[in-house]
file entry_19.txt (compact mmCIF, C-alpha atoms)
# COMPACT_ATOMS: atom_id res chain seq x y z
CA MET K 9 187.80 4.71 390.87
CA ASN K 10 184.32 4.93 389.53
CA LYS K 11 181.57 2.38 389.58
CA LYS K 12 182.36 0.97 386.14
CA THR K 13 186.00 0.25 387.02
CA ILE K 14 185.06 -1.55 390.20
CA SER K 15 182.48 -3.73 388.49
CA ASN K 16 185.07 -4.46 385.82
CA ILE K 17 187.61 -5.65 388.39
CA ALA K 18 184.94 -7.73 390.09
CA SER K 19 184.01 -9.45 386.83
CA PHE K 20 187.70 -10.13 386.13
CA ILE K 21 188.16 -11.95 389.43
CA THR K 22 184.85 -13.79 389.22
CA LEU K 23 185.54 -15.04 385.71
CA VAL K 24 189.03 -16.27 386.64
CA PHE K 25 187.63 -18.25 389.56
CA PHE K 26 184.72 -19.50 387.51
CA GLN K 27 187.12 -20.67 384.81
CA ILE K 28 189.58 -22.45 387.06
CA PHE K 29 187.31 -24.08 389.57
CA ILE K 30 184.19 -24.80 387.57
CA CYS K 31 184.83 -24.78 383.83
CA ASN K 32 188.15 -26.60 383.98
CA GLN K 33 186.61 -29.36 386.10
CA LEU K 34 183.56 -29.85 383.88
CA ASN K 35 184.98 -32.37 381.40
CA PHE K 36 181.68 -32.50 379.58
CA LEU K 37 181.56 -35.54 377.23
CA ASP K 38 184.99 -36.60 378.51
CA ASN K 39 187.10 -33.62 377.47
CA ILE K 40 185.14 -30.49 376.64
CA ASN K 41 186.01 -27.59 378.94
CA PRO K 42 184.57 -24.25 377.81
CA PHE K 43 186.79 -21.18 378.15
CA ILE K 44 184.36 -18.77 379.73
CA TYR K 45 186.97 -16.20 380.79
CA VAL K 46 186.90 -14.80 377.23
CA LEU K 47 183.58 -13.22 378.23
CA PHE K 48 185.65 -10.56 380.00
CA ILE K 49 187.23 -9.55 376.69
CA ILE K 50 183.86 -9.67 374.95
CA LEU K 51 182.07 -7.46 377.44
CA TYR K 52 184.87 -5.01 378.31
CA PRO K 53 183.35 -1.48 378.22
CA ILE K 54 183.89 0.07 374.81
CA GLY K 55 184.88 3.61 375.75
CA PHE K 56 187.83 2.63 377.98
CA LYS K 57 191.49 3.18 377.14
CA ARG K 58 192.68 0.71 374.56
CA SER K 59 196.23 0.06 375.73
CA TRP K 60 194.99 -0.63 379.23
CA PHE K 61 192.46 -3.11 377.82
CA ILE K 62 195.17 -4.96 375.90
CA PHE K 63 197.33 -5.19 378.99
CA THR K 64 194.44 -6.48 381.14
CA ALA K 65 193.60 -9.16 378.55
CA PHE K 66 197.25 -10.27 378.56
CA THR K 67 197.26 -10.56 382.37
CA LEU K 68 194.01 -12.50 382.28
CA GLY K 69 195.41 -14.99 379.76
CA LEU K 70 198.64 -15.37 381.70
CA ILE K 71 196.78 -16.20 384.92
CA ILE K 72 194.84 -18.92 383.11
CA ASP K 73 198.14 -20.21 381.65
CA PHE K 74 199.57 -20.47 385.15
CA PHE K 75 196.82 -22.80 386.24
CA LEU K 76 196.53 -24.89 383.10
CA ASP K 77 200.24 -25.39 382.33
CA THR K 78 199.90 -24.09 378.80
CA GLY K 79 202.95 -21.83 378.65
CA GLY K 80 201.72 -18.60 377.06
CA ALA K 81 199.02 -19.88 374.72
CA HIS K 82 196.07 -18.32 376.56
CA ALA K 83 197.93 -15.03 376.95
CA ALA K 84 198.73 -14.85 373.24
CA ALA K 85 195.17 -15.71 372.21
CA SER K 86 193.64 -13.24 374.67
CA VAL K 87 195.90 -10.35 373.77
CA SER K 88 195.20 -10.87 370.06
CA ALA K 89 191.45 -11.13 370.66
CA ALA K 90 191.60 -7.86 372.62
CA TYR K 91 193.63 -6.09 369.95
CA PHE K 92 191.39 -7.16 367.09
CA ARG K 93 188.14 -6.62 368.97
CA PRO K 94 187.30 -3.34 367.16
CA LEU K 95 187.29 -5.30 363.88
CA PHE K 96 184.72 -7.76 365.20
CA LEU K 97 182.65 -4.93 366.67
CA LYS K 98 182.64 -3.11 363.36
CA PHE K 99 181.73 -6.26 361.48
CA SER K 100 178.84 -7.19 363.78
CA PHE K 101 177.37 -3.83 364.69
CA GLY K 102 178.24 -1.77 361.62
CA ALA K 103 177.37 1.89 361.77
CA ALA K 104 176.38 1.88 365.42
CA TYR K 105 179.97 1.15 366.39
CA GLU K 106 181.30 4.04 364.29
CA HIS K 107 179.16 6.42 366.30
CA GLN K 108 180.36 4.90 369.58
CA SER K 109 176.77 4.42 370.59
CA ILE K 110 176.38 0.65 370.95
CA LYS K 111 175.61 -1.16 374.14
CA ILE K 112 176.47 -4.82 373.76
CA ASN K 113 173.93 -5.88 376.34
CA SER K 114 170.96 -4.15 374.77
CA SER K 115 171.68 -4.99 371.14
CA GLU K 116 169.74 -7.37 368.93
CA LEU K 117 170.28 -11.09 369.34
CA THR K 118 171.58 -11.70 365.81
CA GLN K 119 174.19 -8.94 366.14
CA LYS K 120 175.19 -10.20 369.54
CA LEU K 121 175.44 -13.77 368.29
CA ALA K 122 177.64 -12.69 365.36
CA TYR K 123 179.93 -10.68 367.64
CA PHE K 124 180.23 -13.38 370.32
CA SER K 125 180.93 -16.18 367.87
CA CYS K 126 183.45 -14.18 365.78
CA LEU K 127 185.52 -13.27 368.81
CA LEU K 128 185.25 -16.66 370.52
CA PHE K 129 186.16 -18.74 367.47
CA PHE K 130 189.04 -16.41 366.62
CA HIS K 131 190.37 -16.75 370.17
CA HIS K 132 189.92 -20.53 370.28
CA LEU K 133 191.51 -21.12 366.88
CA LEU K 134 194.61 -19.22 367.94
CA LEU K 135 194.63 -20.93 371.32
CA PHE K 136 194.47 -24.49 370.00
CA THR K 137 197.01 -23.75 367.28
CA LEU K 138 199.46 -22.70 369.98
CA ILE K 139 198.55 -25.54 372.34
CA PHE K 140 199.04 -28.29 369.75
CA PHE K 141 201.87 -26.42 368.02
CA ASP K 142 201.96 -28.87 365.15
CA VAL K 143 200.88 -28.32 361.54
CA GLY K 144 200.27 -32.05 361.14
CA LYS K 145 197.45 -31.83 363.65
CA LEU K 146 195.38 -29.32 361.70
CA GLU K 147 192.29 -31.54 361.74
CA LEU K 148 192.49 -31.94 365.48
CA ILE K 149 192.98 -28.19 365.96
CA ILE K 150 189.91 -27.33 363.89
CA TYR K 151 187.84 -30.02 365.53
CA ARG K 152 188.75 -28.84 369.04
CA THR K 153 188.17 -25.20 368.05
CA LEU K 154 184.67 -25.94 366.79
CA VAL K 155 183.60 -28.20 369.64
CA VAL K 156 185.07 -26.20 372.52
CA GLY K 157 184.20 -22.89 370.83
CA PHE K 158 180.57 -23.93 370.52
CA SER K 159 180.40 -24.89 374.20
CA SER K 160 182.02 -21.58 375.20
CA LEU K 161 179.56 -19.70 373.00
CA ILE K 162 176.51 -21.30 374.58
CA LEU K 163 177.82 -20.78 378.11
CA ALA K 164 178.81 -17.17 377.37
CA LEU K 165 175.39 -16.33 375.94
CA LEU K 166 173.64 -18.00 378.88
CA LEU K 167 175.72 -16.20 381.48
CA ASN K 168 175.33 -12.92 379.64
CA THR K 169 171.54 -13.27 379.53
CA LEU K 170 171.39 -14.36 383.14
CA PHE K 171 173.34 -11.42 384.52
CA ASN K 172 171.98 -8.83 382.16
CA LYS K 173 170.40 -6.00 384.09
CA ASN K 174 168.15 -4.85 381.26
CA MET I 8 212.78 13.26 367.51
CA GLN I 9 209.42 14.89 368.03
CA ARG I 10 208.08 12.87 365.12
CA LEU I 11 209.41 9.64 366.56
CA VAL I 12 207.74 10.33 369.90
CA ASN I 13 204.52 11.20 368.11
CA PHE I 14 204.73 8.01 366.13
CA PHE I 15 205.06 5.94 369.29
CA LEU I 16 202.24 7.78 371.02
CA LYS I 17 199.96 7.35 368.05
CA ASN I 18 200.65 3.65 367.71
CA ARG I 19 201.06 2.74 371.35
CA ALA I 20 198.22 0.19 371.26
CA LEU I 21 199.86 -1.62 368.35
CA ILE I 22 203.30 -1.53 369.96
CA LEU I 23 201.99 -2.75 373.30
CA PHE I 24 200.12 -5.52 371.49
CA LEU I 25 203.22 -6.63 369.60
CA VAL I 26 205.36 -6.62 372.74
CA LEU I 27 202.86 -8.62 374.78
CA LEU I 28 202.24 -11.02 371.91
CA SER I 29 205.93 -11.74 371.52
CA ILE I 30 206.27 -12.32 375.27
CA SER I 31 203.45 -14.83 375.27
CA LEU I 32 204.68 -16.53 372.11
CA SER I 33 208.15 -16.96 373.55
CA LEU I 34 206.58 -18.43 376.69
CA THR I 35 204.67 -20.89 374.52
CA VAL I 36 207.74 -21.90 372.55
CA ASN I 37 209.79 -22.35 375.69
CA HIS I 38 206.99 -24.36 377.20
CA ASN I 39 207.02 -26.77 374.27
CA ASP I 40 210.67 -27.31 374.93
CA TYR I 41 209.80 -28.70 378.32
CA HIS I 42 213.13 -28.44 380.06
CA LYS I 43 212.90 -24.67 379.84
CA SER I 44 209.46 -24.08 381.34
CA LYS I 45 210.68 -23.19 384.76
CA PHE I 46 208.66 -20.25 385.95
CA PHE I 47 205.10 -20.66 384.85
CA ASN I 48 203.71 -23.96 385.91
CA SER I 49 201.23 -25.43 388.31
CA SER I 50 203.83 -26.59 390.84
CA SER I 51 204.75 -23.04 391.80
CA TYR I 52 203.88 -21.93 395.30
CA ILE I 53 200.80 -19.80 394.63
CA THR I 54 199.04 -21.94 392.05
CA GLY I 55 200.02 -25.07 393.97
CA SER I 56 198.42 -23.95 397.20
CA ILE I 57 195.23 -22.78 395.49
CA HIS I 58 194.87 -26.11 393.71
CA ASN I 59 195.62 -27.84 396.99
CA PHE I 60 192.87 -25.97 398.83
CA PHE I 61 190.22 -26.87 396.30
CA SER I 62 191.41 -30.43 396.06
CA LEU I 63 190.86 -30.76 399.82
CA ILE I 64 187.16 -30.14 399.24
CA GLY I 65 187.03 -32.43 396.22
CA ASP I 66 188.58 -35.31 398.16
CA TYR I 67 185.41 -35.91 400.17
CA PHE I 68 183.37 -36.72 397.11
CA SER I 69 185.44 -39.73 396.17
CA LEU I 70 186.15 -41.19 399.62
CA LYS I 71 184.09 -44.32 399.14
CA LYS I 72 185.61 -45.18 395.79
CA GLU I 73 189.13 -44.53 397.07
CA ASN I 74 188.51 -46.75 400.08
CA ASN I 75 187.52 -49.59 397.79
CA ILE I 76 190.66 -49.15 395.71
CA LEU I 77 192.82 -49.14 398.83
CA LEU I 78 191.07 -52.21 400.17
CA LYS I 79 191.75 -54.11 396.96
CA GLU I 80 195.36 -53.02 396.97
CA ASN I 81 195.77 -54.08 400.59
CA ASN I 82 194.23 -57.40 399.80
CA ARG I 83 196.65 -57.97 396.95
CA LEU I 84 199.63 -57.07 399.10
CA LYS I 85 198.43 -59.32 401.92
CA LEU I 86 198.25 -62.20 399.47
CA LEU I 87 201.75 -61.49 398.27
CA GLU I 88 203.02 -61.39 401.81
CA LEU I 89 201.37 -64.66 402.73
CA ASN I 90 202.74 -66.44 399.72
CA GLN I 91 206.24 -65.16 400.07
CA THR I 92 208.90 -66.87 402.12
CA PHE I 93 210.69 -64.22 404.04
CA ASP I 94 214.36 -63.62 403.56
CA THR I 95 215.45 -62.02 406.80
CA THR I 96 219.07 -61.62 405.80
CA LYS I 97 218.15 -59.03 403.20
CA SER I 98 218.07 -55.58 404.73
CA GLU I 99 215.95 -52.78 403.35
CA LYS I 100 218.97 -50.86 402.16
CA HIS I 101 219.47 -53.21 399.25
CA ASP I 102 216.07 -52.43 397.77
CA MET I 103 216.53 -50.68 394.50
CA TYR I 104 213.30 -48.70 394.50
CA THR I 105 211.59 -46.59 397.13
CA LEU I 106 207.91 -45.68 397.06
CA LYS I 107 206.31 -42.53 398.45
CA PRO I 108 202.55 -41.95 398.59
CA ALA I 109 201.12 -38.69 397.21
CA ASN I 110 197.81 -37.05 396.41
CA VAL I 111 196.93 -35.61 393.04
CA ILE I 112 195.74 -32.03 393.50
CA LYS I 113 195.42 -31.10 389.84
CA ASN I 114 194.88 -33.27 386.82
CA SER I 115 194.04 -32.57 383.19
CA TYR I 116 193.45 -34.80 380.21
CA SER I 117 191.67 -32.61 377.67
CA LEU I 118 194.77 -30.88 376.30
CA SER I 119 197.51 -32.34 374.14
CA GLN I 120 200.11 -31.73 376.82
CA ASN I 121 198.67 -32.78 380.11
CA TYR I 122 200.27 -32.40 383.52
CA LEU I 123 199.34 -33.43 387.05
CA THR I 124 200.33 -31.66 390.24
CA LEU I 125 201.16 -33.63 393.40
CA ASN I 126 201.10 -32.38 396.97
CA ILE I 127 204.67 -33.46 397.79
CA GLY I 128 207.89 -31.81 396.72
CA LYS I 129 211.57 -31.26 397.50
CA LYS I 130 210.79 -31.17 401.22
CA ASP I 131 209.69 -34.80 401.01
CA SER I 132 212.90 -35.49 399.04
CA ILE I 133 211.09 -35.95 395.74
CA LYS I 134 213.47 -35.76 392.81
CA GLU I 135 212.86 -34.85 389.20
CA GLU I 136 212.80 -37.75 386.73
CA SER I 137 211.04 -40.04 389.20
CA GLY I 138 208.23 -42.26 387.99
CA VAL I 139 204.61 -41.98 389.20
CA ILE I 140 202.35 -45.05 389.39
CA THR I 141 199.12 -46.26 390.97
CA SER I 142 198.13 -49.80 391.88
CA ASN I 143 196.63 -50.04 388.36
CA GLY I 144 199.67 -48.94 386.42
CA ILE I 145 201.80 -46.04 385.27
CA VAL I 146 200.75 -42.38 385.42
CA GLY I 147 203.76 -40.31 384.33
CA ILE I 148 207.16 -38.86 385.18
CA ILE I 149 207.95 -35.97 387.54
CA ASP I 150 209.53 -33.06 385.67
CA LYS I 151 209.42 -30.09 388.07
CA THR I 152 209.57 -29.89 391.82
CA SER I 153 209.08 -26.96 394.18
CA ALA I 154 209.39 -27.06 397.97
CA LYS I 155 205.92 -28.48 398.59
CA TYR I 156 204.60 -29.50 395.19
CA SER I 157 205.71 -31.32 392.10
CA ARG I 158 204.54 -31.47 388.53
CA VAL I 159 204.13 -34.72 386.62
CA ILE I 160 204.17 -35.11 382.84
CA SER I 161 201.16 -37.32 382.35
CA ILE I 162 201.35 -40.34 380.07
CA LEU I 163 198.66 -38.36 378.20
CA ASN I 164 201.23 -35.89 376.95
CA THR I 165 202.43 -35.85 373.36
CA LYS I 166 205.97 -35.14 374.55
CA ILE I 167 206.38 -38.24 376.71
CA LYS I 168 208.09 -41.45 375.61
CA ILE I 169 208.17 -44.52 377.84
CA ASN I 170 209.79 -47.84 377.12
CA ALA I 171 207.44 -50.82 377.42
CA LYS I 172 207.27 -54.47 376.44
CA LEU I 173 204.87 -57.30 375.76
CA LYS I 174 204.47 -59.27 378.95
CA LYS I 175 204.29 -62.61 377.14
CA THR I 176 207.23 -62.36 374.76
CA ASN I 177 209.39 -59.48 376.12
CA HIS I 178 209.47 -57.63 372.79
CA PHE I 179 209.80 -53.96 373.56
CA GLY I 180 208.78 -50.62 372.01
CA ASN I 181 207.97 -47.03 372.89
CA ILE I 182 204.73 -45.68 374.30
CA GLU I 183 203.52 -42.35 372.96
CA TRP I 184 200.20 -40.53 372.91
CA ASN I 185 198.55 -39.04 369.83
CA GLY I 186 196.50 -36.52 371.81
CA ILE I 187 193.04 -37.84 370.98
CA ASP I 188 191.52 -40.32 373.42
CA PRO I 189 192.43 -40.13 377.15
CA ASN I 190 191.94 -43.90 377.52
CA ILE I 191 194.05 -44.99 374.57
CA VAL I 192 197.83 -44.64 374.09
CA GLN I 193 200.04 -45.89 371.27
CA LEU I 194 202.82 -48.46 371.41
CA LEU I 195 205.23 -48.09 368.48
CA ASP I 196 208.35 -49.82 367.14
CA ILE I 197 207.30 -53.43 367.71
CA GLN I 198 208.68 -55.71 364.98
CA ASP I 199 206.24 -57.22 362.48
CA LEU I 200 207.55 -60.71 363.27
CA VAL I 201 205.97 -60.62 366.69
CA LYS I 202 202.65 -62.39 367.10
CA LEU I 203 200.10 -60.07 368.67
CA ASN I 204 196.66 -60.79 370.08
CA ILE I 205 193.98 -58.35 371.11
CA GLY I 206 193.90 -58.28 374.90
CA ASP I 207 197.63 -58.95 375.41
CA THR I 208 199.11 -57.15 378.42
CA ILE I 209 201.80 -54.49 378.06
CA VAL I 210 204.11 -53.70 380.98
CA THR I 211 207.10 -51.40 381.50
CA SER I 212 210.42 -52.80 380.34
CA GLY I 213 212.63 -51.56 383.17
CA PHE I 214 215.24 -50.32 380.69
CA SER I 215 214.77 -46.64 381.43
CA SER I 216 215.65 -46.87 385.15
CA ILE I 217 212.74 -44.52 385.90
CA PHE I 218 210.16 -47.28 386.23
CA PRO I 219 210.78 -50.73 387.69
CA GLU I 220 210.13 -53.69 385.43
CA ASN I 221 206.63 -55.15 385.03
CA ILE I 222 204.55 -52.12 386.03
CA LEU I 223 201.21 -52.46 384.28
CA VAL I 224 200.44 -50.18 381.32
CA GLY I 225 197.46 -51.51 379.37
CA THR I 226 196.03 -54.13 377.05
CA ILE I 227 196.13 -54.25 373.25
CA LYS I 228 192.93 -52.87 371.76
CA SER I 229 193.83 -52.87 368.09
CA PHE I 230 196.97 -53.01 365.94
CA GLN I 231 198.09 -52.47 362.35
CA LEU I 232 201.34 -52.27 360.39
CA ASN I 233 202.83 -48.85 359.68
CA GLU I 234 203.41 -47.34 356.22
CA THR I 235 206.67 -49.19 355.61
CA LYS I 236 205.05 -52.49 356.71
CA ASP I 237 207.82 -53.49 359.07
CA LEU I 238 206.68 -52.17 362.44
CA TYR I 239 203.39 -52.33 364.30
CA ASN I 240 201.30 -49.36 365.46
CA ILE I 241 199.41 -50.64 368.46
CA ASN I 242 196.55 -48.97 370.33
CA LEU I 243 196.58 -49.72 374.04
CA LYS I 244 193.73 -49.40 376.47
CA LEU I 245 195.18 -48.07 379.72
CA PHE I 246 194.54 -49.92 382.98
CA ASN I 247 194.47 -46.61 384.81
CA ASP I 248 191.47 -44.34 384.50
CA MET I 249 193.49 -41.19 383.85
CA THR I 250 190.39 -39.05 384.23
CA ASN I 251 189.99 -40.01 387.88
CA LEU I 252 193.20 -40.10 389.89
CA ARG I 253 193.55 -39.31 393.60
CA HIS I 254 196.23 -41.40 395.27
CA VAL I 255 199.47 -42.20 393.51
CA HIS I 256 202.95 -43.47 394.40
CA VAL I 257 206.22 -41.85 393.44
CA VAL I 258 208.89 -44.41 392.53
CA GLU I 259 212.47 -43.44 393.02
CA ASN I 260 215.38 -45.49 391.81
CA ARG I 261 218.15 -45.43 394.42
CA ASN I 262 220.79 -46.29 391.87
CA ILE I 263 219.77 -43.77 389.24
CA LYS I 264 222.89 -41.64 389.70
CA GLU I 265 225.13 -44.63 389.25
CA ILE I 266 223.24 -45.79 386.16
CA ASN I 267 223.28 -42.34 384.57
CA LYS I 268 227.00 -42.01 385.23
CA LEU I 269 227.61 -45.31 383.53
CA ASN I 270 225.57 -44.29 380.50
CA GLN I 271 227.41 -41.01 380.16
CA THR I 272 230.86 -42.53 380.05
CA GLU I 273 229.92 -44.84 377.21
call {"tool": "encode", "arguments": {"input": "entry_19.txt", "output": "structure tokens"}}
result
Amino acid sequence: MNKKTISNIASFITLVFFQIFICNQLNFLDNINPFIYVLFIILYPIGFKRSWFIFTAFTLGLIIDFFLDTGGAHAAASVSAAYFRPLFLKFSFGAAYEHQSIKINSSELTQKLAYFSCLLFFHHLLLFTLIFFDVGKLELIIYRTLVVGFSSLILALLLNTLFNKN
Amino acid sequence: MQRLVNFFLKNRALILFLVLLSISLSLTVNHNDYHKSKFFNSSSYITGSIHNFFSLIGDYFSLKKENNILLKENNRLKLLELNQTFDTTKSEKHDMYTLKPANVIKNSYSLSQNYLTLNIGKKDSIKEESGVITSNGIVGIIDKTSAKYSRVISILNTKIKINAKLKKTNHFGNIEWNGIDPNIVQLLDIQDLVKLNIGDTIVTSGFSSIFPENILVGTIKSFQLNETKDLYNINLKLFNDMTNLRHVHVVENRNIKEINKLNQTE
């Protein structure tokens, strides 16, 4: 176990606790609870084994499902976000990703913003579709995705800036 | 054979993704069919005890408010007792309903399918399909129990249906929730002949045998006719503040087995 793996495990546990005991109790403006645990999927080190990453994201989602009584919605959204992450990376960082040379933490703000919002909104859209599970509620699904996604985005960027070592 | 193995090795990320995705999707589908969601819910031992621990800390912050609520409730009961002439021949065994106090250790109202978790379970002889109320009105129905915890389908759950009636005229309909506002639920299937006023009280009908009759639900906030112009869609403002629940009562009907048996033979 090297240093990177240990810090990765630590961030996994911290984010789960942060999600369950702080974010889920927030109820900002009555019912907005940001899903900050997605930050783990966003910031997962790029060079690591892909299948292991997908499995970890699934476990993370399932743990959140346990606590929120949402069946498997979080797990499905997380595992898809993890699988399609290379697409979002390519879209936001372009050539730098092809050369395997990007560091998410030290990239430009616009690139970072594009990457964070792409992944978060993709995850949230899938999540709320599965939670409501009803085509007739499309308006509600989109509304919740935008509102909650925006709150997650702000919180994720704040936390990322706060704990950024650079 | 070699090719097949190579194919799997090459695409192992995709295959793993598809397997995990189908597992989680099947969990979601089963969850929506609520009688099947047995394994993954907040009344299981591990999640229950973690929620319980953190709820112990949270309890201190609302002590004053809870005390006031209890004081009011006590006052109301005292009044009832004073005004009632006692019938000493009636023993307790003939009471149809029993009440058990419980604490809410987890509550949600921001999803479309909300559940609460209570800190009592099978050990305290809590049964599934029991009603949950507070002094202000109904909260939900218990759907899963473990040894020490139980899960309640909140009235703020799009899957729940509860029978209710107008207190004044006894016309009855079904309560559902559209998933939008945690203070407002919908009462459907009331005939258009009924005269409604904003502010009218809605109570439970007592037909379902889960809730006793005349448990408070809410007041009429607005109403309109549905598309076919023969039934009302009514918005109710709940008496309970579903966003802030601590102490609740579990109602159990002693005769529920007998009633269910009767209904089955019909």
call {"tool": "interface_residues", "arguments": {"input": "entry_19.txt", "of": "chain I", "to": "chain K", "cutoff": "10 Å", "atoms": "all atoms listed in the file", "output": "PyMOL selection string"}}
result
chain I and resi 18-25+27-39+41+44-51+53-55+57-58+61-62+113-123+158+165+185-189+250
call {"tool": "closest_residue", "arguments": {"input": "entry_19.txt", "among": "I:Asn204, I:Asn240, I:Gln193, I:Gln271", "to": "Ile167 (chain I)", "atoms": "only C-alpha atoms"}}
result
I:Gln193
call {"tool": "atom_distance", "arguments": {"input": "entry_19.txt", "atom1": "CA of Lys168 (chain I)", "atom2": "CA of Ile76 (chain I)"}}
result
27.7 Å
call {"tool": "closest_residue", "arguments": {"input": "entry_19.txt", "among": "I:Ser216, I:Asn143, I:Thr124, I:Asn170", "to": "Tyr52 (chain I)", "atoms": "all atoms listed in the file"}}
result
I:Thr124
call {"tool": "residues_near_point", "arguments": {"input": "entry_19.txt", "point": "(202.9, -47.9, 386.4)", "cutoff": "8 Å", "atoms": "only C-alpha atoms", "output": "MDAnalysis selection string"}}
result
chainID I and resid 138:147 211 218 222:224
call {"tool": "atom_distance", "arguments": {"input": "entry_19.txt", "atom1": "CA of Lys12 (chain K)", "atom2": "CA of Phe56 (chain K)"}}
result
10.0 Å
call {"tool": "residues_around", "arguments": {"input": "entry_19.txt", "residues": "Thr13 (chain K)", "least_positions_apart": "5", "cutoff": "10 Å", "atoms": "only C-alpha atoms", "output": "PyMOL selection string"}}
result
chain K and resi 18-19+53+56
call {"tool": "atom_distance", "arguments": {"input": "entry_19.txt", "atom1": "CA of Gly102 (chain K)", "atom2": "CA of Phe20 (chain K)"}}
result
27.6 Å
call {"tool": "residues_around", "arguments": {"input": "entry_19.txt", "residues": "region 256-267 of chain I", "least_positions_apart": "5", "cutoff": "9 Å", "atoms": "all atoms listed in the file", "output": "ChimeraX atom specification"}}
result
/I:102-110,133-134,136-142,148-149,216-219,272
call {"tool": "residues_around", "arguments": {"input": "entry_19.txt", "residues": "Leu121 (chain K)", "least_positions_apart": "3", "cutoff": "12 Å", "atoms": "all atoms listed in the file", "output": "PDB file with C-alpha atoms, in the frame of the given file"}}
result
ATOM      1  CA  ILE K  50     183.860  -9.670 374.950  1.00  0.00           C
ATOM      2  CA  PHE K  96     184.720  -7.760 365.200  1.00  0.00           C
ATOM      3  CA  LEU K  97     182.650  -4.930 366.670  1.00  0.00           C
ATOM      4  CA  PHE K  99     181.730  -6.260 361.480  1.00  0.00           C
ATOM      5  CA  SER K 100     178.840  -7.190 363.780  1.00  0.00           C
ATOM      6  CA  PHE K 101     177.370  -3.830 364.690  1.00  0.00           C
ATOM      7  CA  ILE K 112     176.470  -4.820 373.760  1.00  0.00           C
ATOM      8  CA  ASN K 113     173.930  -5.880 376.340  1.00  0.00           C
ATOM      9  CA  SER K 115     171.680  -4.990 371.140  1.00  0.00           C
ATOM     10  CA  GLU K 116     169.740  -7.370 368.930  1.00  0.00           C
ATOM     11  CA  LEU K 117     170.280 -11.090 369.340  1.00  0.00           C
ATOM     12  CA  THR K 118     171.580 -11.700 365.810  1.00  0.00           C
ATOM     13  CA  PHE K 124     180.230 -13.380 370.320  1.00  0.00           C
ATOM     14  CA  SER K 125     180.930 -16.180 367.870  1.00  0.00           C
ATOM     15  CA  CYS K 126     183.450 -14.180 365.780  1.00  0.00           C
ATOM     16  CA  LEU K 127     185.520 -13.270 368.810  1.00  0.00           C
ATOM     17  CA  LEU K 128     185.250 -16.660 370.520  1.00  0.00           C
ATOM     18  CA  PHE K 129     186.160 -18.740 367.470  1.00  0.00           C
ATOM     19  CA  PHE K 158     180.570 -23.930 370.520  1.00  0.00           C
ATOM     20  CA  LEU K 161     179.560 -19.700 373.000  1.00  0.00           C
ATOM     21  CA  ILE K 162     176.510 -21.300 374.580  1.00  0.00           C
ATOM     22  CA  ALA K 164     178.810 -17.170 377.370  1.00  0.00           C
ATOM     23  CA  LEU K 165     175.390 -16.330 375.940  1.00  0.00           C
ATOM     24  CA  LEU K 166     173.640 -18.000 378.880  1.00  0.00           C
ATOM     25  CA  ASN K 168     175.330 -12.920 379.640  1.00  0.00           C
ATOM     26  CA  THR K 169     171.540 -13.270 379.530  1.00  0.00           C
TER      27      THR K 169
END
call {"tool": "closest_residue", "arguments": {"input": "entry_19.txt", "among": "K:Ile44, K:Lys111, K:Tyr52, K:Cys31", "to": "Ile17 (chain K)", "atoms": "all atoms listed in the file"}}
result
K:Tyr52
